[in-house]
Amino acid sequence: MTFAFIPLLWQGQQWSEHPDLLSAVISGLLSLMAPFFIMQPALWWGIAASKTPVPGKARLNSAVTDLIYGLGLYLAAVGLQPLT
């Protein structure tokens with residue numbers, strides 16, 4: 001949930017009033033640092049899944065998931081606009 005604040009920290013109140021897809025996708029990609037450098041090493045998979053049998057597939061899965069997360073941030077912000 002903390003990662004949902006990335007666009008607000010980056011662009012402030014303007015992002016909640018006028019969300020844009022690019023900022024949300026960039027925020028999703030920034031959140032990719034957590035699995036690459038915290039979660040995967042904690043699971044003994046190495047940095048960015050380097051110790052897994054197919055690191056490229058694991059990295060791609062993480063990237064796609066976080067891009068979808070960024071899209072979700074955008075859709076949620078657009079959906080909440082009428083409330084602001």
# chains A, B, ... in the order shown; residues from 1 in each chain; ligands from 1
call {"tool": "select_by_dssp", "arguments": {"residues": "chain A", "states": "alpha helix (DSSP H)", "output": "count of residues only"}}
result
52
call {"tool": "residues_around", "arguments": {"residues": "A:Gly28", "least_positions_apart": "5", "cutoff": "9 Å", "atoms": "only C-alpha atoms", "output": "PyMOL selection string"}}
result
chain A and resi 3-4+6+23+63+65-71+73
call {"tool": "write_last_selection", "arguments": {"atoms": "N, CA and C atoms", "output": "short mmCIF file (atom, residue, chain, number, x, y, z; two decimals), in the first residue's frame"}}
result
data_model
loop_
_atom_site.label_atom_id
_atom_site.label_comp_id
_atom_site.auth_asym_id
_atom_site.auth_seq_id
_atom_site.Cartn_x
_atom_site.Cartn_y
_atom_site.Cartn_z
N PHE A 3 3.42 1.83 -1.73
CA PHE A 3 3.80 2.18 -3.10
C PHE A 3 2.72 3.00 -3.81
N ALA A 4 1.50 2.97 -3.32
CA ALA A 4 0.43 3.76 -3.92
C ALA A 4 0.67 5.25 -3.73
N ILE A 6 3.59 6.72 -4.26
CA ILE A 6 4.68 7.18 -5.12
C ILE A 6 4.23 8.31 -6.04
N SER A 23 2.73 8.37 -15.39
CA SER A 23 3.19 8.46 -14.00
C SER A 23 2.85 7.20 -13.22
N ALA A 63 8.02 -7.90 -13.52
CA ALA A 63 7.81 -6.65 -14.26
C ALA A 63 6.36 -6.53 -14.74
N THR A 65 3.72 -7.97 -13.47
CA THR A 65 2.87 -7.78 -12.29
C THR A 65 2.90 -6.33 -11.82
N ASP A 66 4.09 -5.73 -11.78
CA ASP A 66 4.19 -4.35 -11.30
C ASP A 66 3.65 -3.35 -12.33
N LEU A 67 3.72 -3.67 -13.61
CA LEU A 67 3.09 -2.81 -14.62
C LEU A 67 1.57 -2.85 -14.46
N ILE A 68 1.03 -4.02 -14.19
CA ILE A 68 -0.41 -4.14 -13.94
C ILE A 68 -0.78 -3.37 -12.68
N TYR A 69 0.08 -3.42 -11.68
CA TYR A 69 -0.14 -2.63 -10.46
C TYR A 69 -0.21 -1.14 -10.80
N GLY A 70 0.71 -0.67 -11.65
CA GLY A 70 0.69 0.74 -12.07
C GLY A 70 -0.59 1.09 -12.80
N LEU A 71 -1.05 0.19 -13.66
CA LEU A 71 -2.32 0.40 -14.36
C LEU A 71 -3.47 0.47 -13.35
N LEU A 73 -3.24 1.49 -10.26
CA LEU A 73 -3.15 2.79 -9.60
C LEU A 73 -3.86 3.87 -10.42
#
call {"tool": "closest_residue", "arguments": {"among": "A:Gly46, A:Pro53, A:Pro7, A:Pro82", "to": "A:Ser31", "atoms": "only C-alpha atoms"}}
result
A:Pro7
call {"tool": "closest_residue", "arguments": {"among": "A:Leu9, A:Ala77, A:Ala48, A:Val64", "to": "A:Met33", "atoms": "only C-alpha atoms"}}
result
A:Ala48
call {"tool": "residues_around", "arguments": {"residues": "A:Pro35", "least_positions_apart": "2", "cutoff": "9 Å", "atoms": "only C-alpha atoms", "output": "PDB file with C-alpha atoms, in the first residue's frame"}}
result
ATOM      1  CA  SER A  31       7.877  -0.533  -7.062  1.00  0.00           C
ATOM      2  CA  LEU A  32       9.704  -3.328  -8.903  1.00  0.00           C
ATOM      3  CA  MET A  33      12.765  -2.539  -6.793  1.00  0.00           C
ATOM      4  CA  PHE A  37      16.263  -6.228  -3.986  1.00  0.00           C
ATOM      5  CA  ILE A  38      14.273  -7.243  -0.878  1.00  0.00           C
ATOM      6  CA  MET A  39      11.776 -10.064  -1.398  1.00  0.00           C
ATOM      7  CA  GLN A  40      13.652 -12.299  -3.842  1.00  0.00           C
ATOM      8  CA  PRO A  41      16.956 -12.174  -1.940  1.00  0.00           C
ATOM      9  CA  ILE A  47      19.073 -10.325  -6.430  1.00  0.00           C
ATOM     10  CA  ALA A  48      16.501 -10.039  -9.215  1.00  0.00           C
ATOM     11  CA  ALA A  49      15.929 -13.808  -9.086  1.00  0.00           C
ATOM     12  CA  SER A  62       7.704  -9.435 -11.671  1.00  0.00           C
TER      13      SER A  62
END
call {"tool": "atom_distance", "arguments": {"atom1": "atom CA of A:Thr2", "atom2": "atom CA of A:Leu80"}}
result
17.9 Å
call {"tool": "residues_around", "arguments": {"residues": "A:Val78", "least_positions_apart": "4", "cutoff": "9 Å", "atoms": "only C-alpha atoms", "output": "number ranges by chain"}}
result
A: 16-20, 73-74, 82
call {"tool": "write_last_selection", "arguments": {"atoms": "all heavy atoms", "output": "PDB file, in the first residue's frame"}}
result
ATOM      1  N   SER A  16      -3.497  13.503  -8.027  1.00  0.00           N
ATOM      2  CA  SER A  16      -4.815  13.017  -7.624  1.00  0.00           C
ATOM      3  C   SER A  16      -5.934  13.763  -8.352  1.00  0.00           C
ATOM      4  O   SER A  16      -7.008  13.218  -8.570  1.00  0.00           O
ATOM      5  CB  SER A  16      -5.002  13.108  -6.109  1.00  0.00           C
ATOM      6  OG  SER A  16      -4.964  14.449  -5.694  1.00  0.00           O
ATOM      7  N   GLU A  17      -5.673  14.997  -8.751  1.00  0.00           N
ATOM      8  CA  GLU A  17      -6.674  15.768  -9.487  1.00  0.00           C
ATOM      9  C   GLU A  17      -6.670  15.451 -10.977  1.00  0.00           C
ATOM     10  O   GLU A  17      -7.707  15.467 -11.621  1.00  0.00           O
ATOM     11  CB  GLU A  17      -6.439  17.263  -9.260  1.00  0.00           C
ATOM     12  CG  GLU A  17      -6.672  17.682  -7.827  1.00  0.00           C
ATOM     13  CD  GLU A  17      -6.180  19.088  -7.541  1.00  0.00           C
ATOM     14  OE1 GLU A  17      -5.605  19.740  -8.451  1.00  0.00           O
ATOM     15  OE2 GLU A  17      -6.352  19.537  -6.394  1.00  0.00           O
ATOM     16  N   HIS A  18      -5.485  15.166 -11.523  1.00  0.00           N
ATOM     17  CA  HIS A  18      -5.335  14.878 -12.950  1.00  0.00           C
ATOM     18  C   HIS A  18      -4.368  13.713 -13.138  1.00  0.00           C
ATOM     19  O   HIS A  18      -3.223  13.909 -13.548  1.00  0.00           O
ATOM     20  CB  HIS A  18      -4.809  16.107 -13.699  1.00  0.00           C
ATOM     21  CG  HIS A  18      -5.649  17.321 -13.516  1.00  0.00           C
ATOM     22  ND1 HIS A  18      -6.879  17.458 -14.120  1.00  0.00           N
ATOM     23  CD2 HIS A  18      -5.456  18.441 -12.786  1.00  0.00           C
ATOM     24  CE1 HIS A  18      -7.393  18.625 -13.774  1.00  0.00           C
ATOM     25  NE2 HIS A  18      -6.556  19.235 -12.962  1.00  0.00           N
ATOM     26  N   PRO A  19      -4.797  12.493 -12.823  1.00  0.00           N
ATOM     27  CA  PRO A  19      -3.890  11.345 -12.945  1.00  0.00           C
ATOM     28  C   PRO A  19      -3.543  11.074 -14.406  1.00  0.00           C
ATOM     29  O   PRO A  19      -4.366  11.284 -15.293  1.00  0.00           O
ATOM     30  CB  PRO A  19      -4.690  10.193 -12.352  1.00  0.00           C
ATOM     31  CG  PRO A  19      -6.104  10.604 -12.410  1.00  0.00           C
ATOM     32  CD  PRO A  19      -6.118  12.094 -12.361  1.00  0.00           C
ATOM     33  N   ASP A  20      -2.296  10.674 -14.632  1.00  0.00           N
ATOM     34  CA  ASP A  20      -1.902  10.299 -15.981  1.00  0.00           C
ATOM     35  C   ASP A  20      -1.292   8.896 -15.956  1.00  0.00           C
ATOM     36  O   ASP A  20      -0.688   8.482 -14.972  1.00  0.00           O
ATOM     37  CB  ASP A  20      -0.939  11.317 -16.593  1.00  0.00           C
ATOM     38  CG  ASP A  20       0.364  11.417 -15.838  1.00  0.00           C
ATOM     39  OD1 ASP A  20       0.345  11.922 -14.698  1.00  0.00           O
ATOM     40  OD2 ASP A  20       1.389  11.004 -16.383  1.00  0.00           O
ATOM     41  N   LEU A  73      -3.244   1.487 -10.262  1.00  0.00           N
ATOM     42  CA  LEU A  73      -3.149   2.794  -9.596  1.00  0.00           C
ATOM     43  C   LEU A  73      -3.861   3.866 -10.422  1.00  0.00           C
ATOM     44  O   LEU A  73      -4.618   4.679  -9.900  1.00  0.00           O
ATOM     45  CB  LEU A  73      -1.687   3.212  -9.422  1.00  0.00           C
ATOM     46  CG  LEU A  73      -0.907   2.646  -8.273  1.00  0.00           C
ATOM     47  CD1 LEU A  73       0.542   3.125  -8.344  1.00  0.00           C
ATOM     48  CD2 LEU A  73      -1.516   3.031  -6.955  1.00  0.00           C
ATOM     49  N   TYR A  74      -3.594   3.842 -11.718  1.00  0.00           N
ATOM     50  CA  TYR A  74      -4.210   4.825 -12.605  1.00  0.00           C
ATOM     51  C   TYR A  74      -5.726   4.689 -12.618  1.00  0.00           C
ATOM     52  O   TYR A  74      -6.448   5.672 -12.472  1.00  0.00           O
ATOM     53  CB  TYR A  74      -3.639   4.681 -14.014  1.00  0.00           C
ATOM     54  CG  TYR A  74      -4.351   5.534 -15.024  1.00  0.00           C
ATOM     55  CD1 TYR A  74      -4.159   6.912 -15.045  1.00  0.00           C
ATOM     56  CD2 TYR A  74      -5.213   4.979 -15.953  1.00  0.00           C
ATOM     57  CE1 TYR A  74      -4.819   7.713 -15.964  1.00  0.00           C
ATOM     58  CE2 TYR A  74      -5.877   5.763 -16.879  1.00  0.00           C
ATOM     59  CZ  TYR A  74      -5.669   7.134 -16.880  1.00  0.00           C
ATOM     60  OH  TYR A  74      -6.333   7.915 -17.789  1.00  0.00           O
ATOM     61  N   PRO A  82     -14.318  11.567  -9.172  1.00  0.00           N
ATOM     62  CA  PRO A  82     -15.605  12.204  -8.844  1.00  0.00           C
ATOM     63  C   PRO A  82     -15.761  12.501  -7.350  1.00  0.00           C
ATOM     64  O   PRO A  82     -16.554  13.370  -6.968  1.00  0.00           O
ATOM     65  CB  PRO A  82     -16.650  11.206  -9.304  1.00  0.00           C
ATOM     66  CG  PRO A  82     -15.973  10.368 -10.328  1.00  0.00           C
ATOM     67  CD  PRO A  82     -14.527  10.326  -9.903  1.00  0.00           C
TER      68      PRO A  82
END
call {"tool": "closest_residue", "arguments": {"among": "A:Ala58, A:Ala42, A:Ala24, A:Leu30", "to": "A:Gln11", "atoms": "only C-alpha atoms"}}
result
A:Ala24
call {"tool": "atom_distance", "arguments": {"atom1": "atom CA of A:Leu83", "atom2": "atom CA of A:Leu21"}}
result
19.3 Å
call {"tool": "atom_distance", "arguments": {"atom1": "atom CA of A:Trp15", "atom2": "atom CA of A:Ala34"}}
result
22.8 Å
